[in-house]
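Visitor: Pasting structure32.txt here (compact mmCIF, C-alpha atoms and all ligand atoms):
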```txt
# COMPACT_ATOMS: atom_id res chain seq x y z
CA MET A 258 30.47 17.04 12.62
CA GLN A 259 31.65 17.11 9.02
CA ASN A 260 30.53 15.40 5.86
CA ASP A 261 33.17 12.68 5.59
CA GLY A 262 32.36 11.97 1.93
CA SER A 263 32.59 8.23 2.55
CA GLY A 264 29.19 7.29 1.14
CA ARG A 265 28.71 5.11 4.21
CA ILE A 266 25.36 4.75 5.94
CA VAL A 267 25.64 4.00 9.64
CA VAL A 268 22.60 3.02 11.68
CA GLN A 269 23.15 2.78 15.40
CA ASN A 270 20.71 1.57 18.00
CA LEU A 271 17.82 2.94 16.01
CA SER A 272 14.32 2.52 17.42
CA LYS A 273 10.89 3.79 16.48
CA THR A 274 7.69 3.22 18.35
CA PHE A 275 4.33 4.22 16.89
CA GLY A 276 2.03 4.36 19.91
CA PRO A 277 2.11 0.79 21.22
CA VAL A 278 3.81 -0.58 18.06
CA PRO A 279 7.57 -1.08 18.34
CA ALA A 280 8.19 -0.78 14.58
CA VAL A 281 12.00 -0.75 14.87
CA GLN A 282 13.94 -1.92 17.89
CA ASN A 283 17.57 -1.07 18.49
CA LEU A 284 18.72 -1.65 14.91
CA SER A 285 22.38 -1.28 14.00
CA PHE A 286 24.15 -1.90 10.72
CA MET A 287 26.41 -0.25 8.19
CA VAL A 288 26.08 0.09 4.45
CA GLU A 289 29.34 0.38 2.60
CA PRO A 290 30.15 2.19 -0.63
CA GLY A 291 31.06 0.11 -3.67
CA SER A 292 28.49 -2.54 -2.87
CA VAL A 293 24.81 -3.27 -3.11
CA THR A 294 23.30 -4.03 0.28
CA GLY A 295 19.97 -5.77 0.57
CA PHE A 296 17.71 -4.68 3.41
CA LEU A 297 15.50 -7.68 3.88
CA GLY A 298 12.64 -8.66 6.10
CA PRO A 299 9.06 -9.87 5.85
CA ASN A 300 6.13 -7.50 5.55
CA GLY A 301 5.87 -5.26 8.57
CA ALA A 302 9.43 -5.98 9.71
CA GLY A 303 10.25 -2.29 9.89
CA LYS A 304 12.14 -1.76 6.63
CA THR A 305 10.25 1.28 5.38
CA THR A 306 10.29 2.89 8.82
CA THR A 307 14.06 2.41 9.01
CA LEU A 308 14.65 3.81 5.53
CA ARG A 309 12.47 6.79 6.35
CA MET A 310 14.46 7.42 9.52
CA ILE A 311 17.71 7.26 7.49
CA LEU A 312 16.17 9.82 5.14
CA GLY A 313 14.99 12.13 7.88
CA LEU A 314 11.31 11.54 7.15
CA VAL A 315 10.56 9.84 10.45
CA THR A 316 12.01 10.97 13.75
CA PRO A 317 13.59 8.08 15.66
CA THR A 318 12.43 7.33 19.17
CA ALA A 319 16.07 6.51 19.94
CA GLY A 320 19.36 6.00 18.14
CA THR A 321 20.94 7.61 15.12
CA ALA A 322 21.26 7.17 11.38
CA THR A 323 23.94 8.97 9.43
CA ILE A 324 25.06 9.26 5.84
CA ASN A 325 28.60 10.46 5.28
CA GLY A 326 28.84 10.81 9.05
CA LEU A 327 25.92 13.24 9.27
CA PRO A 328 22.19 13.01 9.94
CA TYR A 329 20.27 13.48 6.70
CA HIS A 330 19.12 17.00 7.49
CA GLN A 331 22.67 18.17 8.03
CA LEU A 332 23.88 17.04 4.61
CA GLY A 333 23.54 20.44 3.02
CA ASN A 334 22.00 19.61 -0.34
CA PRO A 335 20.97 16.05 0.50
CA ALA A 336 19.49 15.17 -2.89
CA ARG A 337 22.97 15.63 -4.35
CA VAL A 338 24.22 13.03 -1.87
CA VAL A 339 21.30 10.61 -1.60
CA GLY A 340 18.82 9.54 -4.26
CA THR A 341 15.72 7.77 -2.99
CA VAL A 342 12.81 5.83 -4.28
CA LEU A 343 10.23 5.20 -1.61
CA GLU A 344 7.02 3.24 -1.91
CA ASN A 345 3.85 4.78 -3.30
CA GLU A 346 5.50 7.56 -5.22
CA GLY A 347 3.03 9.80 -6.95
CA PHE A 348 3.51 11.62 -10.22
CA HIS A 349 1.64 14.68 -11.39
CA PRO A 350 -1.00 13.31 -13.78
CA LYS A 351 -0.73 16.16 -16.27
CA ARG A 352 3.03 16.35 -16.61
CA THR A 353 5.04 14.38 -19.09
CA ALA A 354 7.91 12.31 -17.76
CA ARG A 355 10.39 14.89 -19.03
CA ASN A 356 8.52 17.78 -17.44
CA HIS A 357 8.18 15.92 -14.17
CA LEU A 358 11.96 15.52 -14.13
CA ARG A 359 12.56 19.13 -15.12
CA VAL A 360 10.49 20.36 -12.19
CA TYR A 361 12.57 18.29 -9.83
CA ALA A 362 15.78 19.26 -11.59
CA ALA A 363 14.95 22.92 -11.05
CA ALA A 364 14.30 22.28 -7.36
CA LEU A 365 17.70 20.67 -7.11
CA GLY A 366 19.48 23.32 -9.09
CA VAL A 367 20.61 20.97 -11.85
CA PRO A 368 20.27 21.89 -15.56
CA ASP A 369 17.18 20.89 -17.58
CA GLN A 370 19.23 18.61 -19.80
CA ARG A 371 19.79 16.32 -16.84
CA ALA A 372 16.14 15.23 -17.27
CA ASP A 373 16.98 13.67 -20.64
CA GLU A 374 20.18 12.18 -19.30
CA VAL A 375 18.41 10.32 -16.50
CA LEU A 376 15.61 9.22 -18.84
CA ALA A 377 18.30 7.64 -21.00
CA LEU A 378 19.96 6.08 -17.96
CA VAL A 379 16.78 4.25 -17.02
CA GLY A 380 15.81 3.39 -20.60
CA LEU A 381 12.81 5.71 -20.78
CA SER A 382 13.93 8.13 -23.51
CA SER A 383 11.21 7.01 -25.86
CA ALA A 384 8.55 7.78 -23.25
CA ALA A 385 9.86 11.26 -22.43
CA ASN A 386 6.75 13.00 -23.79
CA ARG A 387 4.26 10.60 -22.30
CA LYS A 388 2.39 11.14 -19.06
CA PRO A 389 3.14 8.69 -16.24
CA GLY A 390 -0.60 8.11 -15.76
CA GLY A 391 -0.41 5.76 -18.73
CA PHE A 392 2.81 4.07 -17.64
CA SER A 393 3.08 0.46 -16.58
CA LEU A 394 4.19 -0.18 -13.01
CA GLY A 395 7.67 -1.01 -14.29
CA MET A 396 7.86 2.28 -16.20
CA ARG A 397 6.77 4.19 -13.12
CA GLN A 398 9.50 2.46 -11.13
CA ARG A 399 12.02 3.55 -13.75
CA LEU A 400 10.75 7.11 -13.67
CA ALA A 401 11.00 7.16 -9.89
CA LEU A 402 14.57 5.90 -10.21
CA ALA A 403 15.31 8.55 -12.83
CA THR A 404 14.06 11.18 -10.37
CA ALA A 405 16.37 9.79 -7.70
CA LEU A 406 19.31 10.00 -10.11
CA LEU A 407 18.83 13.66 -11.01
CA GLY A 408 21.33 14.90 -8.44
CA ASN A 409 23.91 12.28 -9.53
CA PRO A 410 23.93 11.04 -5.94
CA GLN A 411 26.68 9.11 -4.25
CA VAL A 412 24.15 7.02 -2.32
CA LEU A 413 20.97 5.33 -3.54
CA VAL A 414 18.27 4.22 -1.10
CA LEU A 415 15.48 2.26 -2.76
CA ASP A 416 12.43 0.82 -1.03
CA GLU A 417 11.20 -2.34 -2.76
CA PRO A 418 12.29 -1.16 -6.22
CA ALA A 419 11.68 -4.57 -7.78
CA ASN A 420 8.03 -4.58 -6.69
CA GLY A 421 5.86 -5.18 -9.70
CA LEU A 422 8.73 -5.55 -12.13
CA ASP A 423 8.63 -8.36 -14.64
CA PRO A 424 11.66 -10.65 -14.95
CA GLU A 425 13.17 -8.46 -17.65
CA GLY A 426 12.70 -5.39 -15.47
CA ILE A 427 14.32 -7.15 -12.51
CA LEU A 428 17.29 -8.11 -14.67
CA TRP A 429 17.61 -4.57 -15.91
CA LEU A 430 17.45 -3.18 -12.38
CA ARG A 431 20.03 -5.72 -11.20
CA ASN A 432 22.51 -4.70 -13.90
CA PHE A 433 21.86 -1.05 -13.27
CA LEU A 434 22.40 -1.25 -9.51
CA ARG A 435 25.47 -3.43 -9.82
CA ALA A 436 27.02 -1.01 -12.30
CA TYR A 437 26.17 1.89 -10.00
CA ALA A 438 27.90 0.22 -7.08
CA ARG A 439 30.90 -0.66 -9.24
CA GLU A 440 31.47 3.06 -9.61
CA GLY A 441 32.18 3.12 -5.88
CA ARG A 442 28.71 4.32 -4.92
CA THR A 443 26.50 3.02 -2.15
CA VAL A 444 23.29 1.19 -2.88
CA LEU A 445 20.78 0.15 -0.21
CA VAL A 446 17.78 -1.71 -1.53
CA SER A 447 14.93 -3.17 0.50
CA SER A 448 12.88 -6.20 -0.35
CA HIS A 449 10.71 -8.73 1.42
CA LEU A 450 11.88 -11.41 -1.00
CA LEU A 451 15.41 -12.68 -0.82
CA SER A 452 15.04 -14.42 -4.17
CA GLU A 453 14.20 -11.10 -5.80
CA VAL A 454 17.49 -9.48 -4.84
CA GLU A 455 19.75 -12.45 -4.19
CA GLN A 456 21.68 -12.02 -7.40
CA THR A 457 21.94 -8.26 -7.03
CA ILE A 458 23.31 -7.83 -3.54
CA ASP A 459 26.76 -8.27 -2.03
CA ASN A 460 25.81 -7.64 1.56
CA VAL A 461 22.64 -8.15 3.47
CA VAL A 462 20.89 -6.78 6.52
CA ILE A 463 18.07 -9.08 7.62
CA ILE A 464 15.50 -7.80 10.05
CA SER A 465 12.36 -9.17 11.51
CA GLN A 466 9.95 -7.73 14.06
CA GLY A 467 12.01 -4.55 14.00
CA MET A 468 15.21 -6.28 15.09
CA THR A 469 18.43 -7.13 13.24
CA ARG A 470 18.79 -10.86 12.66
CA TYR A 471 21.91 -10.78 10.52
CA PHE A 472 24.12 -8.41 8.71
CA GLY A 473 27.20 -9.21 6.76
CA SER A 474 28.11 -10.56 3.37
CA LEU A 475 25.66 -12.70 1.49
CA GLU A 476 28.50 -15.05 0.67
CA GLN A 477 29.13 -15.77 4.32
CA LEU A 478 25.47 -16.24 4.99
CA ARG A 479 25.43 -18.70 2.13
CA SER A 480 28.44 -20.59 3.40
CA SER A 481 26.82 -20.87 6.82
CA GLN A 482 24.26 -23.24 5.40
CA GLN A 483 24.41 -26.56 7.07
CA SER A 484 23.22 -29.72 5.42
CA ARG A 485 21.40 -32.44 7.27
CA VAL A 486 20.70 -36.07 6.66
CA LEU A 487 17.11 -37.21 7.04
CA VAL A 488 16.70 -40.80 8.09
CA GLN A 489 13.48 -42.75 8.14
CA ALA A 490 13.95 -45.52 10.67
CA ALA A 491 11.72 -48.38 11.84
CA ASP A 492 12.47 -47.32 15.39
CA ALA A 493 13.42 -43.63 15.55
CA ALA A 494 14.13 -43.65 19.28
CA ALA A 495 16.52 -46.59 18.91
CA LEU A 496 18.28 -44.87 16.03
CA VAL A 497 18.68 -41.68 18.05
CA LYS A 498 20.15 -43.69 20.91
CA ALA A 499 22.58 -45.44 18.58
CA LEU A 500 23.67 -42.20 16.93
CA GLN A 501 24.11 -40.46 20.26
CA GLY A 502 26.15 -43.43 21.44
CA ALA A 503 28.38 -42.91 18.40
CA GLY A 504 28.91 -39.27 19.33
CA VAL A 505 26.46 -37.66 16.91
CA ALA A 506 24.92 -35.00 19.09
CA GLN A 507 22.85 -32.82 16.82
CA LEU A 508 19.62 -34.60 16.17
CA GLU A 509 16.11 -33.49 15.63
CA ALA A 510 12.76 -35.06 14.93
CA THR A 511 11.09 -33.82 11.78
CA PRO A 512 7.33 -33.35 11.69
CA ASP A 513 7.01 -36.34 9.35
CA GLY A 514 8.68 -38.66 11.87
CA ARG A 515 12.17 -38.79 10.41
CA VAL A 516 15.37 -38.18 12.31
CA ALA A 517 17.37 -35.18 11.11
CA VAL A 518 21.09 -35.61 11.66
CA TYR A 519 23.34 -32.55 11.59
CA GLY A 520 27.10 -32.40 11.30
CA ALA A 521 27.55 -35.73 9.52
CA SER A 522 27.60 -36.75 5.87
CA ARG A 523 25.18 -39.20 4.31
CA GLN A 524 27.95 -41.76 4.12
CA GLN A 525 28.90 -41.34 7.78
CA VAL A 526 25.29 -41.69 8.87
CA GLY A 527 24.89 -44.71 6.59
CA ASP A 528 27.92 -46.40 8.13
CA LEU A 529 26.66 -45.73 11.65
CA VAL A 530 23.22 -47.06 10.80
CA ALA A 531 24.75 -50.21 9.29
CA LYS A 532 26.84 -50.73 12.41
CA SER A 533 23.78 -50.34 14.63
CA GLY A 534 21.98 -53.07 12.73
CA LEU A 535 18.74 -51.04 12.86
CA ALA A 536 16.21 -51.10 10.05
CA VAL A 537 16.17 -47.93 7.96
CA TYR A 538 13.72 -47.32 5.13
CA GLY A 539 15.18 -44.21 3.61
CA MET A 540 17.91 -41.66 3.90
CA GLU A 541 18.45 -38.39 2.09
CA GLU A 542 20.84 -35.49 2.38
CA GLU A 543 19.19 -32.11 2.41
CA ARG A 544 21.06 -28.92 1.87
CA ALA A 545 19.55 -25.83 3.40
CA ASP A 546 18.96 -23.23 0.75
CA LEU A 547 19.32 -19.56 1.29
CA GLU A 548 15.60 -18.98 1.08
CA ARG A 549 14.98 -21.36 3.94
CA LEU A 550 17.73 -19.77 5.97
CA PHE A 551 16.13 -16.39 5.37
CA PHE A 552 12.80 -17.80 6.42
CA GLN A 553 14.33 -19.17 9.58
CA LEU A 554 16.09 -15.97 10.43
CA THR A 555 12.96 -13.94 9.98
CA GLN A 556 10.27 -16.29 11.20
CA GLY A 557 12.02 -18.89 13.29
CA GLN A 558 9.27 -21.24 12.25
CA TYR A 559 11.22 -23.89 10.50
CA SER A 560 12.05 -26.02 13.48
CA GLY A 561 9.08 -26.35 15.71
CA ALA A 562 9.58 -30.10 15.90
CA PRO A 563 10.20 -32.00 19.11
CA GLN A 564 13.83 -32.45 20.04
CA PHE A 565 15.58 -35.65 20.98
CA GLY A 566 17.10 -34.28 24.11
CA VAL A 567 20.04 -32.66 22.39
CA ALA A 568 19.25 -29.36 20.81
CA PRO A 569 20.73 -28.57 17.47
CA GLN A 570 23.10 -25.70 17.33
CA GLN A 571 21.49 -22.47 18.30
CA ALA A 572 21.76 -19.82 15.69
CA GLN A 573 23.82 -16.91 16.82
CA TYR A 574 22.51 -13.62 15.80
CA GLN A 575 25.11 -11.54 17.45
CA GLN A 576 26.03 -8.19 16.24
CA GLN A 577 29.76 -8.24 16.04
CA ALA A 578 32.24 -5.53 15.46
CA PRO A 579 32.93 -5.08 11.79
CA GLN A 580 36.17 -6.61 10.65
CA GLN A 581 38.84 -4.37 9.36
CA GLY A 582 39.40 -4.54 5.68
CA GLY A 583 36.61 -4.36 3.20
CA TRP A 584 34.10 -3.08 5.65
CA GLY A 585 35.91 -0.04 6.89
CA PRO A 586 36.41 0.99 10.47
CA PRO A 587 33.57 0.40 12.88
CA PRO A 588 31.55 3.37 13.91
CA PRO A 589 31.96 4.46 17.50
CA GLY A 590 30.08 2.36 19.96
CA TYR A 591 30.30 -0.97 18.15
CA PRO A 592 29.37 -3.69 18.74
CA PRO A 593 26.06 -1.95 18.92
CA GLN A 594 23.56 -4.46 20.15
CA THR A 595 23.22 -7.15 22.66
CA PRO A 596 22.88 -10.59 21.12
CA GLN A 597 19.35 -11.41 20.20
CA THR A 598 17.94 -14.73 21.10
CA PRO A 599 15.92 -16.46 18.47
CA GLN A 600 12.45 -17.28 19.62
CA THR A 601 12.52 -20.88 18.52
CA PRO A 602 15.39 -23.31 18.18
CA GLN A 603 17.41 -22.74 15.06
CA GLN A 604 19.64 -25.31 13.59
CA TYR A 605 21.59 -23.34 11.05
CA GLN A 606 24.34 -21.42 12.61
CA VAL A 607 25.42 -18.10 11.35
CA PRO A 608 29.20 -18.45 11.31
CA PRO A 609 31.07 -16.85 14.14
CA GLY A 610 32.98 -13.77 13.14
CA TYR A 611 30.92 -13.01 10.09
CA PRO A 612 31.77 -9.50 9.09
CA PRO A 613 28.99 -7.11 9.68
CA GLN A 614 29.91 -4.26 7.97
CA GLY A 615 29.62 -0.34 7.38
CA GLN A 616 17.44 15.78 -0.35
CA PRO A 617 16.61 12.36 -1.66
CA GLY A 618 14.67 13.59 -4.49
CA PRO A 619 12.82 16.61 -3.37
CA GLN A 620 10.67 15.88 -0.38
CA GLN A 621 7.38 16.84 -1.97
CA GLY A 622 5.79 13.81 -3.49
CA TRP A 623 8.22 11.46 -1.82
CA GLY A 624 6.23 10.98 1.35
CA GLY A 625 5.98 13.27 4.27
CA GLN A 626 6.92 13.14 7.89
CA ARG A 627 5.24 10.42 9.85
N1 LIG A 701 2.80 5.77 10.71
C1 LIG A 701 2.61 4.61 11.37
N2 LIG A 701 1.75 4.55 12.41
C2 LIG A 701 1.57 3.39 13.10
N3 LIG A 701 2.21 2.24 12.83
C3 LIG A 701 3.08 2.24 11.82
C4 LIG A 701 3.33 3.42 11.02
N4 LIG A 701 4.25 3.10 10.07
C5 LIG A 701 4.55 1.80 10.26
N5 LIG A 701 3.84 1.29 11.29
C6 LIG A 701 3.94 -0.10 11.80
O1 LIG A 701 5.30 -0.39 12.03
C7 LIG A 701 5.58 -1.72 11.65
C8 LIG A 701 6.68 -1.72 10.60
O2 LIG A 701 6.19 -1.18 9.40
P1 LIG A 701 7.07 -0.91 8.11
O3 LIG A 701 6.20 -0.30 7.07
O4 LIG A 701 8.29 -0.18 8.51
O5 LIG A 701 7.48 -2.40 7.71
P2 LIG A 701 8.06 -2.94 6.32
O6 LIG A 701 9.10 -3.92 6.69
O7 LIG A 701 8.45 -1.82 5.45
O8 LIG A 701 6.80 -3.69 5.72
P3 LIG A 701 6.34 -3.88 4.18
O9 LIG A 701 7.32 -4.83 3.55
O10 LIG A 701 4.97 -4.50 4.34
O11 LIG A 701 6.31 -2.53 3.55
C9 LIG A 701 4.28 -2.33 11.17
O12 LIG A 701 3.70 -3.00 12.27
C10 LIG A 701 3.46 -1.13 10.80
O13 LIG A 701 2.09 -1.39 10.92
```
Since I need it in another form, could you write the structure as structure tokens?

Guide:
Amino acid sequence: MQNDGSGRIVVQNLSKTFGPVPAVQNLSFMVEPGSVTGFLGPNGAGKTTTLRMILGLVTPTAGTATINGLPYHQLGNPARVVGTVLENEGFHPKRTARNHLRVYAAALGVPDQRADEVLALVGLSSAANRKPGGFSLGMRQRLALATALLGNPQVLVLDEPANGLDPEGILWLRNFLRAYAREGRTVLVSSHLLSEVEQTIDNVVIISQGMTRYFGSLEQLRSSQQSRVLVQAADAAALVKALQGAGVAQLEATPDGRVAVYGASRQQVGDLVAKSGLAVYGMEEERADLERLFFQLTQGQYSGAPQFGVAPQQAQYQQQAPQQGGWGPPPPGYPPQTPQTPQTPQQYQVPPGYPPQGQPGPQQGWGGQR
């Protein structure tokens, strides 16, 4: 196998089991150059384990992860290809920020002056002679990022980089990562909060309980949102019967006793209600926001309400072959996974045919093999 220089990360059927804990189960996705990809999932979903497998720090139980077509350890001088910031980075308490970077620069074989360059890149020049022990969390995050940038890597893999950043820090990070991707580089950034990275990312991989729930463009996920009309009726069962008689099939009871109507506008529902002659006390149109969709995809807890016989659309979490154009050719063996069935009914459908896509810093101090 050869380094294909693409900057693409390809994860195929990756699994990791820690004793009885299936941390990652048959994950597949691609991360494309020239874009920022969010790697999202709730706490314990398996994000860190996956990133560590991509970076050769955890040995997969099954499956493969490659960067530029090669497993991490076969990249030659990986830190020149991939820059990483993993959680719980430690800094030597007695070294200044500049000296910390110089030590790592030497290990990478890059000139000392690169330390000052990366400090400038992350806006830490004025703190070059200070020791990280006295840094704020945001400053430490920047120093970790500076360390990752030493080798001028083509690919950046960042685990929860926005953790602990204030709004200004998040804005700064957003601009930085977007500019980095605009240069044609690859950025993979994990978070457990969609809202934290929503404005930064182009593409998204959503996982929960170690399994892929969605991957593709954020835009398509957004456009998959389906609105619903909530109707408070004097007699909900009679309303459901009337709506079903009029051909409205997607109905659901909400926990507060209203009837949720999918696939019809407020006006259409209003007209049908008027025709039925039934008493209605209130009606509102509700548009699903991205956050709720994320919650549904990862928890499946949104719709636990009783159904009126006709189930709303089931969300389809299929892994589909990446489309040509924009996402590059699919890796061998796609589509990689069997469709996954959501554990509870889901009413927001991920659109069919959504396009799934396509030495970090020196190892010491960046977390060891687990
Ligand atoms: N070394 C380990 N030994 C045993 N279990 C582990 C180990 N590392 C992770 N796990 C378990 O694997 C699962 C996934 O953990 P992981 O840290 O990858 O999730 P995460 O999505 O990164 O979570 P968070 O957002 O909280 O960091 C969890 O149940 C976790 O307890």

Visitor: What lies within 12 Å of Gly504 of chain A using all atoms listed in the file, ignoring chain neighbours under 6 positions off, as a list in words?

Guide: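 The contact residues come out as Val497, Lys498, Val518, Tyr519, Gly520, Ala521, Gln525, Val526, Leu529 and Val567 of chain A.
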
Visitor: Nearest to Val288 of chain A: which of A:Gln507, A:Asn270, A:Thr555, A:Asn325 is it, counting all atoms listed in the file?

Guide: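 Looking at the shortest contact to Val288 of chain A, the residue is A:Asn325.
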
Visitor: Need to verify the contact set: Arg265 of chain A, 8 Å, only C-alpha atoms, exclusion of same-chain residues closer than 4 positions in sequence. Can you return it as a PyMOL selection string?

Guide: chain A and resi 287-290+324-326+443+615

Visitor: What is the distance between atom CA of Met310 of chain A and atom CA of Pro277 of chain A, in Å to one decimal?

Guide: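 Computing the Euclidean distance for atom CA of Met310 of chain A and atom CA of Pro277 of chain A yields 18.3 Å.
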
Visitor: Smallest atom-to-atom distance to Gly298 of chain A: which of A:Ala494, A:Gly380, A:Ser447, A:Leu547, using only C-alpha atoms?

Guide: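 Closest candidate: A:Ser447.
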
Visitor: Could you work out how far atom CA of Thr294 of chain A lies from atom CA of Asn420 of chain A, giving the answer in Å with one decimal?

Guide: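 We find that atom CA of Asn420 of chain A and atom CA of Thr294 of chain A lie 16.8 Å from each other.
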
Visitor: From the options A:Gly262, A:Phe296, A:Asn283, A:Asp369, which residue's atoms come nearest to Tyr471 of chain A, counting only C-alpha atoms?

Guide: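 Using only C-alpha atoms, Tyr471 of chain A sits closest to A:Phe296.
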
Visitor: Pick the closest to Pro328 of chain A from A:Ala506, A:Ala280, A:Val268, A:Val412: which is it, counting all atoms listed in the file?

Guide: A:Val268

Visitor: Which distance in Å separates atom CA of Ala419 of chain A and atom CA of Leu450 of chain A, to one decimal?

Guide: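 Separating atom CA of Ala419 of chain A from atom CA of Leu450 of chain A is a distance of 9.6 Å.
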
Visitor: Which residues form the shell of 9 Å around ligand LIG 701 (chain A) when you count all atoms listed in the file, given as a PyMOL selection string?

Guide: chain A and resi 273-281+297-309+315+344+416-417+447-449+464-467+626-627

Visitor: Hey, what's within 10 Å of Thr457 of chain A if we count all atoms listed in the file and toss same-chain stuff fewer than 6 positions away? As a short mmCIF file (atom, residue, chain, number, x, y, z; two decimals) with C-alpha atoms, in the frame of the given file, please?

Guide:
```cif
data_model
loop_
_atom_site.label_atom_id
_atom_site.label_comp_id
_atom_site.auth_asym_id
_atom_site.auth_seq_id
_atom_site.Cartn_x
_atom_site.Cartn_y
_atom_site.Cartn_z
CA SER A 292 28.49 -2.54 -2.87
CA VAL A 293 24.81 -3.27 -3.11
CA THR A 294 23.30 -4.03 0.28
CA GLY A 295 19.97 -5.77 0.57
CA ILE A 427 14.32 -7.15 -12.51
CA LEU A 428 17.29 -8.11 -14.67
CA LEU A 430 17.45 -3.18 -12.38
CA ARG A 431 20.03 -5.72 -11.20
CA ASN A 432 22.51 -4.70 -13.90
CA PHE A 433 21.86 -1.05 -13.27
CA LEU A 434 22.40 -1.25 -9.51
CA ARG A 435 25.47 -3.43 -9.82
CA VAL A 446 17.78 -1.71 -1.53
#
```

Visitor: For a quick check of understanding, using only C-alpha atoms, which of A:Asn409, A:Gln477, A:Ser484, A:Asn460 has the smallest distance to Glu440 of chain A?

Guide: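 Checking each of A:Asn409, A:Gln477, A:Ser484, A:Asn460 against Glu440 of chain A, counting only C-alpha atoms, the winner is A:Asn409.
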
Visitor: Selecting C-alpha atoms, how would segment 374-418 of chain A from this structure be written as a short mmCIF file (atom, residue, chain, number, x, y, z; two decimals), in the first residue's frame?

Guide:
```cif
data_model
loop_
_atom_site.label_atom_id
_atom_site.label_comp_id
_atom_site.auth_asym_id
_atom_site.auth_seq_id
_atom_site.Cartn_x
_atom_site.Cartn_y
_atom_site.Cartn_z
CA GLU A 374 5.25 30.40 14.01
CA VAL A 375 2.66 28.09 15.56
CA LEU A 376 2.37 30.29 18.65
CA ALA A 377 1.48 33.14 16.31
CA LEU A 378 -0.96 30.94 14.41
CA VAL A 379 -2.94 30.20 17.56
CA GLY A 380 -2.65 33.73 18.96
CA LEU A 381 -0.34 32.84 21.84
CA SER A 382 2.78 34.83 20.90
CA SER A 383 2.47 37.07 23.92
CA ALA A 384 2.45 34.04 26.23
CA ALA A 385 5.50 32.37 24.66
CA ASN A 386 7.62 32.76 27.80
CA ARG A 387 4.92 31.76 30.24
CA LYS A 388 4.48 28.31 31.70
CA PRO A 389 1.28 26.47 30.77
CA GLY A 390 0.64 25.74 34.46
CA GLY A 391 -0.70 29.27 34.72
CA PHE A 392 -2.69 29.15 31.50
CA SER A 393 -6.46 29.26 31.31
CA LEU A 394 -8.18 26.20 29.84
CA GLY A 395 -8.63 28.09 26.57
CA MET A 396 -4.92 28.93 26.42
CA ARG A 397 -4.02 25.31 27.06
CA GLN A 398 -6.31 24.28 24.22
CA ARG A 399 -4.52 26.74 21.95
CA LEU A 400 -1.13 25.44 23.01
CA ALA A 401 -2.25 21.88 22.34
CA LEU A 402 -3.40 23.00 18.90
CA ALA A 403 -0.09 24.77 18.32
CA THR A 404 1.69 21.50 19.15
CA ALA A 405 -0.49 19.68 16.64
CA LEU A 406 0.40 22.25 13.98
CA LEU A 407 4.16 21.94 14.36
CA GLY A 408 4.52 19.45 11.53
CA ASN A 409 2.32 21.58 9.22
CA PRO A 410 0.04 18.56 8.87
CA GLN A 411 -2.35 17.88 6.05
CA VAL A 412 -4.89 16.37 8.46
CA LEU A 413 -6.07 17.64 11.84
CA VAL A 414 -7.84 15.34 14.31
CA LEU A 415 -9.15 17.16 17.36
CA ASP A 416 -11.00 15.58 20.27
CA GLU A 417 -13.46 18.02 21.85
CA PRO A 418 -11.30 21.07 21.09
#
```
